[in-house]
>>> print(open('final_32.pdb').read())   # PDB, C-alpha atoms
MODEL        1
ATOM      1  CA  MET A   6      28.546   0.509  21.268  1.00  0.00           C
ATOM      2  CA  VAL A   7      27.887   4.228  20.892  1.00  0.00           C
ATOM      3  CA  ALA A   8      29.013   4.060  17.261  1.00  0.00           C
ATOM      4  CA  ALA A   9      26.687   1.098  16.592  1.00  0.00           C
ATOM      5  CA  GLU A  10      23.752   3.022  18.094  1.00  0.00           C
ATOM      6  CA  ALA A  11      24.543   6.032  15.882  1.00  0.00           C
ATOM      7  CA  VAL A  12      24.713   3.836  12.781  1.00  0.00           C
ATOM      8  CA  ARG A  13      21.345   2.260  13.630  1.00  0.00           C
ATOM      9  CA  THR A  14      19.820   5.718  14.185  1.00  0.00           C
ATOM     10  CA  TRP A  15      20.954   6.983  10.789  1.00  0.00           C
ATOM     11  CA  VAL A  16      19.871   3.793   9.002  1.00  0.00           C
ATOM     12  CA  VAL A  17      16.382   4.126  10.495  1.00  0.00           C
ATOM     13  CA  VAL A  18      16.187   7.830   9.593  1.00  0.00           C
ATOM     14  CA  ALA A  19      17.341   7.203   6.003  1.00  0.00           C
ATOM     15  CA  LEU A  20      14.850   4.351   5.470  1.00  0.00           C
ATOM     16  CA  VAL A  21      11.959   6.412   6.894  1.00  0.00           C
ATOM     17  CA  VAL A  22      12.836   9.341   4.621  1.00  0.00           C
ATOM     18  CA  VAL A  23      13.065   7.085   1.535  1.00  0.00           C
ATOM     19  CA  GLY A  24       9.726   5.479   2.413  1.00  0.00           C
ATOM     20  CA  SER A  25       8.056   8.880   2.814  1.00  0.00           C
ATOM     21  CA  VAL A  26       9.366   9.978  -0.583  1.00  0.00           C
ATOM     22  CA  PHE A  27       8.013   6.856  -2.299  1.00  0.00           C
ATOM     23  CA  LEU A  28       4.620   7.156  -0.562  1.00  0.00           C
ATOM     24  CA  THR A  29       4.440  10.773  -1.787  1.00  0.00           C
ATOM     25  CA  VAL A  30       5.277   9.688  -5.348  1.00  0.00           C
ATOM     26  CA  GLY A  31       2.542   7.042  -5.254  1.00  0.00           C
ATOM     27  CA  THR A  32      -0.069   9.519  -4.021  1.00  0.00           C
ATOM     28  CA  ILE A  33       0.892  12.127  -6.626  1.00  0.00           C
ATOM     29  CA  GLY A  34       0.572   9.463  -9.321  1.00  0.00           C
ATOM     30  CA  LEU A  35      -2.834   8.436  -7.966  1.00  0.00           C
ATOM     31  CA  LEU A  36      -4.018  12.045  -8.141  1.00  0.00           C
ATOM     32  CA  ARG A  37      -2.571  13.098 -11.504  1.00  0.00           C
ATOM     33  CA  LEU A  38      -2.475  10.096 -13.862  1.00  0.00           C
ATOM     34  CA  PRO A  39      -5.326  10.022 -16.400  1.00  0.00           C
ATOM     35  CA  ASN A  40      -6.717   6.474 -16.251  1.00  0.00           C
ATOM     36  CA  VAL A  41      -7.593   3.847 -13.661  1.00  0.00           C
ATOM     37  CA  TYR A  42      -4.963   1.447 -15.063  1.00  0.00           C
ATOM     38  CA  ASN A  43      -2.209   4.090 -14.865  1.00  0.00           C
ATOM     39  CA  ARG A  44      -3.308   5.092 -11.354  1.00  0.00           C
ATOM     40  CA  MET A  45      -3.119   1.446 -10.334  1.00  0.00           C
ATOM     41  CA  HIS A  46       0.472   1.342 -11.584  1.00  0.00           C
ATOM     42  CA  ALA A  47       1.271   4.388  -9.426  1.00  0.00           C
ATOM     43  CA  THR A  48      -0.270   2.955  -6.261  1.00  0.00           C
ATOM     44  CA  SER A  49       0.946  -0.622  -6.649  1.00  0.00           C
ATOM     45  CA  LYS A  50       4.635  -0.004  -7.287  1.00  0.00           C
ATOM     46  CA  PRO A  51       5.888   3.218  -5.575  1.00  0.00           C
ATOM     47  CA  ALA A  52       3.477   3.092  -2.626  1.00  0.00           C
ATOM     48  CA  THR A  53       4.427  -0.544  -1.976  1.00  0.00           C
ATOM     49  CA  ILE A  54       8.135   0.293  -2.143  1.00  0.00           C
ATOM     50  CA  GLY A  55       7.487   3.098   0.358  1.00  0.00           C
ATOM     51  CA  ALA A  56       5.693   0.778   2.783  1.00  0.00           C
ATOM     52  CA  VAL A  57       8.450  -1.839   2.366  1.00  0.00           C
ATOM     53  CA  SER A  58      11.083   0.795   3.149  1.00  0.00           C
ATOM     54  CA  VAL A  59       9.199   1.746   6.318  1.00  0.00           C
ATOM     55  CA  PHE A  60       9.008  -1.956   7.245  1.00  0.00           C
ATOM     56  CA  LEU A  61      12.795  -2.194   6.735  1.00  0.00           C
ATOM     57  CA  ALA A  62      13.177   0.798   9.064  1.00  0.00           C
ATOM     58  CA  GLY A  63      11.150  -1.163  11.625  1.00  0.00           C
ATOM     59  CA  PHE A  64      13.458  -4.161  11.171  1.00  0.00           C
ATOM     60  CA  ALA A  65      16.531  -1.925  11.605  1.00  0.00           C
ATOM     61  CA  HIS A  66      15.031  -0.408  14.743  1.00  0.00           C
ATOM     62  CA  PHE A  67      13.792  -3.541  16.497  1.00  0.00           C
ATOM     63  CA  GLY A  68      16.564  -5.899  15.439  1.00  0.00           C
ATOM     64  CA  PRO A  69      16.223  -9.583  14.548  1.00  0.00           C
ATOM     65  CA  GLY A  70      14.620 -10.481  17.879  1.00  0.00           C
ATOM     66  CA  GLY A  71      11.211  -9.257  18.999  1.00  0.00           C
ATOM     67  CA  ALA A  72       9.287  -7.235  16.405  1.00  0.00           C
ATOM     68  CA  GLY A  73      11.918  -7.347  13.647  1.00  0.00           C
ATOM     69  CA  LEU A  74      10.767 -10.686  12.277  1.00  0.00           C
ATOM     70  CA  PRO A  75       7.104  -9.600  11.805  1.00  0.00           C
ATOM     71  CA  SER A  76       8.487  -6.661   9.798  1.00  0.00           C
ATOM     72  CA  LEU A  77      10.163  -9.043   7.350  1.00  0.00           C
ATOM     73  CA  VAL A  78       6.964 -11.115   7.208  1.00  0.00           C
ATOM     74  CA  GLY A  79       5.105  -7.891   6.355  1.00  0.00           C
ATOM     75  CA  ILE A  80       7.508  -7.216   3.468  1.00  0.00           C
ATOM     76  CA  VAL A  81       6.931 -10.714   2.044  1.00  0.00           C
ATOM     77  CA  PHE A  82       3.174 -10.301   2.515  1.00  0.00           C
ATOM     78  CA  LEU A  83       3.085  -6.965   0.675  1.00  0.00           C
ATOM     79  CA  PHE A  84       5.140  -8.322  -2.225  1.00  0.00           C
ATOM     80  CA  LEU A  85       2.737 -11.274  -2.536  1.00  0.00           C
ATOM     81  CA  THR A  86      -0.619  -9.525  -2.143  1.00  0.00           C
ATOM     82  CA  VAL A  87      -0.276  -6.108  -3.799  1.00  0.00           C
ATOM     83  CA  PRO A  88       0.291  -7.445  -7.364  1.00  0.00           C
ATOM     84  CA  THR A  89      -2.556  -9.941  -6.839  1.00  0.00           C
ATOM     85  CA  GLY A  90      -4.966  -7.204  -5.765  1.00  0.00           C
ATOM     86  CA  ALA A  91      -3.911  -4.898  -8.597  1.00  0.00           C
ATOM     87  CA  HIS A  92      -4.404  -7.698 -11.115  1.00  0.00           C
ATOM     88  CA  MET A  93      -7.914  -8.420  -9.820  1.00  0.00           C
ATOM     89  CA  ILE A  94      -8.868  -4.730  -9.880  1.00  0.00           C
ATOM     90  CA  ALA A  95      -7.542  -4.385 -13.460  1.00  0.00           C
ATOM     91  CA  ARG A  96      -9.553  -7.413 -14.576  1.00  0.00           C
ATOM     92  CA  ALA A  97     -12.670  -6.082 -12.844  1.00  0.00           C
ATOM     93  CA  ALA A  98     -12.205  -2.677 -14.514  1.00  0.00           C
ATOM     94  CA  GLU A  99     -11.848  -4.281 -17.946  1.00  0.00           C
ATOM     95  CA  ARG A 100     -14.896  -6.524 -17.405  1.00  0.00           C
ATOM     96  CA  THR A 101     -17.046  -3.562 -16.366  1.00  0.00           C
ATOM     97  CA  GLY A 102     -16.021  -1.621 -19.485  1.00  0.00           C
ATOM     98  CA  VAL A 103     -13.625   1.082 -18.306  1.00  0.00           C
ATOM     99  CA  PRO A 104     -12.115   2.379 -21.579  1.00  0.00           C
ATOM    100  CA  PHE A 105      -8.413   2.284 -22.372  1.00  0.00           C
ATOM    101  CA  LEU A 106      -6.342   5.274 -23.467  1.00  0.00           C
ATOM    102  CA  GLY A 107      -5.483   5.643 -27.170  1.00  0.00           C
ATOM    103  CA  SER A 108      -4.493   2.476 -29.018  1.00  0.00           C
ATOM    104  CA  VAL A 109      -4.116   0.271 -25.920  1.00  0.00           C
ATOM    105  CA  THR A 110      -5.847  -3.119 -26.165  1.00  0.00           C
ATOM    106  CA  TRP A 111      -6.403  -5.973 -23.734  1.00  0.00           C
ATOM    107  CA  PRO A 112      -3.993  -8.863 -24.452  1.00  0.00           C
ATOM    108  CA  GLY A 113      -5.625 -12.075 -25.688  1.00  0.00           C
ATOM    109  CA  LYS A 114      -9.044 -10.485 -25.931  1.00  0.00           C
ATOM    110  CA  SER A 115     -10.711 -13.307 -27.910  1.00  0.00           C
ATOM    111  CA  ASP A 116      -9.722 -16.279 -25.686  1.00  0.00           C
ATOM    112  CA  ASP A 117      -9.913 -14.417 -22.374  1.00  0.00           C
ATOM    113  CA  GLU A 118     -13.316 -15.733 -21.350  1.00  0.00           C
TER     114      GLU A 118
ATOM    115  CA  MET B  10      16.056   0.456  24.172  1.00  0.00           C
ATOM    116  CA  ALA B  11      14.568   3.935  24.183  1.00  0.00           C
ATOM    117  CA  THR B  12      14.056   5.515  20.807  1.00  0.00           C
ATOM    118  CA  ASP B  13      16.544   8.235  19.881  1.00  0.00           C
ATOM    119  CA  ALA B  14      15.305  11.850  19.818  1.00  0.00           C
ATOM    120  CA  THR B  15      16.361  12.339  16.179  1.00  0.00           C
ATOM    121  CA  VAL B  16      14.446   9.221  15.154  1.00  0.00           C
ATOM    122  CA  VAL B  17      11.368  10.420  17.037  1.00  0.00           C
ATOM    123  CA  ALA B  18      11.450  13.798  15.264  1.00  0.00           C
ATOM    124  CA  VAL B  19      11.838  12.276  11.784  1.00  0.00           C
ATOM    125  CA  VAL B  20       9.163   9.648  12.443  1.00  0.00           C
ATOM    126  CA  ASP B  21       6.756  12.330  13.694  1.00  0.00           C
ATOM    127  CA  ALA B  22       7.211  14.260  10.452  1.00  0.00           C
ATOM    128  CA  ALA B  23       6.725  11.069   8.422  1.00  0.00           C
ATOM    129  CA  ILE B  24       3.495  10.242  10.297  1.00  0.00           C
ATOM    130  CA  VAL B  25       2.088  13.708   9.572  1.00  0.00           C
ATOM    131  CA  LEU B  26       3.117  13.392   5.901  1.00  0.00           C
ATOM    132  CA  ALA B  27       1.473   9.962   5.551  1.00  0.00           C
ATOM    133  CA  ALA B  28      -1.737  11.281   7.148  1.00  0.00           C
ATOM    134  CA  VAL B  29      -1.855  14.178   4.665  1.00  0.00           C
ATOM    135  CA  LEU B  30      -1.239  11.718   1.810  1.00  0.00           C
ATOM    136  CA  SER B  31      -4.156   9.590   3.029  1.00  0.00           C
ATOM    137  CA  LEU B  32      -6.393  12.665   2.902  1.00  0.00           C
ATOM    138  CA  LEU B  33      -5.250  13.363  -0.672  1.00  0.00           C
ATOM    139  CA  CYS B  34      -6.072   9.747  -1.605  1.00  0.00           C
ATOM    140  CA  GLY B  35      -9.485  10.382  -0.046  1.00  0.00           C
ATOM    141  CA  TYR B  36     -10.013  13.099  -2.654  1.00  0.00           C
ATOM    142  CA  ARG B  37      -9.563  10.476  -5.392  1.00  0.00           C
ATOM    143  CA  ALA B  38     -11.852   8.071  -3.518  1.00  0.00           C
ATOM    144  CA  VAL B  39     -14.615  10.701  -3.467  1.00  0.00           C
ATOM    145  CA  ARG B  40     -14.136  12.184  -6.949  1.00  0.00           C
ATOM    146  CA  GLY B  41     -12.999   9.053  -8.849  1.00  0.00           C
ATOM    147  CA  PRO B  42     -15.059   8.724 -12.020  1.00  0.00           C
ATOM    148  CA  THR B  43     -15.395   4.924 -11.895  1.00  0.00           C
ATOM    149  CA  VAL B  44     -15.735   2.306  -9.160  1.00  0.00           C
ATOM    150  CA  PRO B  45     -12.228   0.785  -9.720  1.00  0.00           C
ATOM    151  CA  ASP B  46     -10.773   4.280  -9.196  1.00  0.00           C
ATOM    152  CA  ARG B  47     -12.324   4.375  -5.739  1.00  0.00           C
ATOM    153  CA  VAL B  48     -11.096   0.866  -4.946  1.00  0.00           C
ATOM    154  CA  VAL B  49      -7.533   1.793  -5.991  1.00  0.00           C
ATOM    155  CA  ALA B  50      -7.702   4.940  -3.846  1.00  0.00           C
ATOM    156  CA  LEU B  51      -8.894   2.950  -0.821  1.00  0.00           C
ATOM    157  CA  ASP B  52      -6.057   0.469  -1.421  1.00  0.00           C
ATOM    158  CA  ALA B  53      -3.560   3.350  -1.394  1.00  0.00           C
ATOM    159  CA  ILE B  54      -5.107   4.612   1.856  1.00  0.00           C
ATOM    160  CA  ALA B  55      -4.657   1.114   3.336  1.00  0.00           C
ATOM    161  CA  THR B  56      -0.981   1.119   2.321  1.00  0.00           C
ATOM    162  CA  ASN B  57      -0.510   4.528   3.965  1.00  0.00           C
ATOM    163  CA  VAL B  58      -2.187   3.343   7.166  1.00  0.00           C
ATOM    164  CA  VAL B  59       0.094   0.283   7.273  1.00  0.00           C
ATOM    165  CA  ALA B  60       3.093   2.624   7.006  1.00  0.00           C
ATOM    166  CA  ILE B  61       1.638   4.821   9.778  1.00  0.00           C
ATOM    167  CA  ALA B  62       1.275   1.799  12.085  1.00  0.00           C
ATOM    168  CA  VAL B  63       4.915   0.765  11.558  1.00  0.00           C
ATOM    169  CA  LEU B  64       6.069   4.366  12.108  1.00  0.00           C
ATOM    170  CA  PHE B  65       4.058   4.476  15.339  1.00  0.00           C
ATOM    171  CA  ALA B  66       5.728   1.233  16.436  1.00  0.00           C
ATOM    172  CA  ILE B  67       9.157   2.796  15.821  1.00  0.00           C
ATOM    173  CA  LYS B  68       8.199   6.025  17.609  1.00  0.00           C
ATOM    174  CA  THR B  69       6.796   4.464  20.772  1.00  0.00           C
ATOM    175  CA  ASP B  70       9.232   1.480  20.707  1.00  0.00           C
ATOM    176  CA  ARG B  71       6.331  -0.951  21.047  1.00  0.00           C
ATOM    177  CA  GLY B  72       6.697  -3.918  18.711  1.00  0.00           C
ATOM    178  CA  LEU B  73       3.042  -4.866  19.037  1.00  0.00           C
ATOM    179  CA  TYR B  74       2.115  -2.235  16.448  1.00  0.00           C
ATOM    180  CA  VAL B  75       4.109  -4.069  13.755  1.00  0.00           C
ATOM    181  CA  THR B  76       1.612  -6.899  14.226  1.00  0.00           C
ATOM    182  CA  VAL B  77      -1.172  -4.315  13.966  1.00  0.00           C
ATOM    183  CA  ALA B  78       0.310  -3.220  10.617  1.00  0.00           C
ATOM    184  CA  LEU B  79       0.332  -6.841   9.412  1.00  0.00           C
ATOM    185  CA  VAL B  80      -3.341  -7.285  10.323  1.00  0.00           C
ATOM    186  CA  LEU B  81      -4.213  -4.031   8.541  1.00  0.00           C
ATOM    187  CA  ALA B  82      -2.385  -5.236   5.420  1.00  0.00           C
ATOM    188  CA  ILE B  83      -4.355  -8.497   5.503  1.00  0.00           C
ATOM    189  CA  ILE B  84      -7.659  -6.607   5.872  1.00  0.00           C
ATOM    190  CA  GLY B  85      -6.746  -4.297   2.969  1.00  0.00           C
ATOM    191  CA  PHE B  86      -5.919  -7.198   0.669  1.00  0.00           C
ATOM    192  CA  LEU B  87      -9.091  -9.112   1.540  1.00  0.00           C
ATOM    193  CA  SER B  88     -11.305  -6.052   1.040  1.00  0.00           C
ATOM    194  CA  THR B  89      -9.675  -5.307  -2.327  1.00  0.00           C
ATOM    195  CA  VAL B  90     -10.236  -8.864  -3.563  1.00  0.00           C
ATOM    196  CA  ALA B  91     -13.818  -8.923  -2.264  1.00  0.00           C
ATOM    197  CA  VAL B  92     -14.737  -5.616  -3.930  1.00  0.00           C
ATOM    198  CA  ALA B  93     -13.087  -6.707  -7.203  1.00  0.00           C
ATOM    199  CA  LYS B  94     -15.168  -9.902  -7.193  1.00  0.00           C
ATOM    200  CA  PHE B  95     -18.305  -7.937  -6.326  1.00  0.00           C
ATOM    201  CA  VAL B  96     -17.762  -5.383  -9.113  1.00  0.00           C
ATOM    202  CA  THR B  97     -17.135  -8.105 -11.680  1.00  0.00           C
ATOM    203  CA  GLU B  98     -19.860 -10.611 -10.920  1.00  0.00           C
ATOM    204  CA  GLY B  99     -22.357  -8.861  -8.650  1.00  0.00           C
ATOM    205  CA  ASP B 100     -21.736 -11.455  -5.951  1.00  0.00           C
ATOM    206  CA  VAL B 101     -18.782 -12.196  -3.719  1.00  0.00           C
ATOM    207  CA  ILE B 102     -19.279 -15.975  -3.655  1.00  0.00           C
ATOM    208  CA  VAL B 103     -20.511 -17.492  -6.916  1.00  0.00           C
ATOM    209  CA  ARG B 104     -21.637 -21.111  -7.083  1.00  0.00           C
ATOM    210  CA  GLN B 105     -20.275 -22.926 -10.121  1.00  0.00           C
ATOM    211  CA  GLU B 106     -23.003 -25.115 -11.632  1.00  0.00           C
TER     212      GLU B 106
ENDMDL
END
>>> encode(input="final_32.pdb", output="structure tokens")
Amino acid sequence: MVAAEAVRTWVVVALVVVGSVFLTVGTIGLLRLPNVYNRMHATSKPATIGAVSVFLAGFAHFGPGGAGLPSLVGIVFLFLTVPTGAHMIARAAERTGVPFLGSVTWPGKSDDE
Amino acid sequence: MATDATVVAVVDAAIVLAAVLSLLCGYRAVRGPTVPDRVVALDAIATNVVAIAVLFAIKTDRGLYVTVALVLAIIGFLSTVAVAKFVTEGDVIVRQE
């Protein structure tokens, strides 16, 4: 049982470290990318992967009973809601006239309304 | 099961890192040139706070804080959708005639 405890410890540590790295990448992208659409890409994908990795660390720590199942529910919830929120923010930014970079255009501009 | 000392040390460092990252996102929320920039920055702060809640649950070995993280994720999603609707149409609930 000592070996199993050690394995669980190192799995939790590795998942927490990976999650911290991805959260850092998302924040750096939010600070340094040039446009609101590019910043949204940085915060929706790497920051979500970081939070999901931390949730997986919670599942590895608590096990399938107790608080492990809400961790998996949190992963499913993040994967459902973060793309939805990013899509709505992108549409709101385009409707309020935030300009695109370079030659980028909105797809299906004429029949969007 | 008590949390291992190595896990507690790593999780402490991760909590401090996530707090600093939230402050950096706050810079974008203050300086962002447009309103969607600020909304995206607040969404990133919400994601960081969810991660902090789960890390706190691992550190103190109290599973209740995973539920707290879930509730925070729900609040972040609802606020993002509400602000997106408000920015687009000037009203959160629009009656369709």
>>> resolve_selection(input="final_32.pdb", expression="the PyMOL selection byres ((chain A) within 9 of (chain B))", output="VMD selection string")
chain A and resid 14 to 15 17 to 18 21 to 22 24 to 25 28 to 29 31 to 33 35 to 36 40 to 42 44 to 45 48 to 49 52 to 53 55 to 57 59 to 60 62 to 63 66 to 67 71 to 73 75 to 76 78 to 79 82 to 83 86 to 87 89 to 91 93 to 98 100 to 101 103
>>> atom_distance(input="final_32.pdb", atom1="atom CA of Arg37 of chain A", atom2="atom CA of Phe84 of chain A")
24.6 Å
>>> atom_distance(input="final_32.pdb", atom1="atom CA of Gly70 of chain A", atom2="atom CA of Ile54 of chain A")
23.6 Å
>>> atom_distance(input="final_32.pdb", atom1="atom CA of Ala55 of chain B", atom2="atom CA of Pro51 of chain A")
14.0 Å
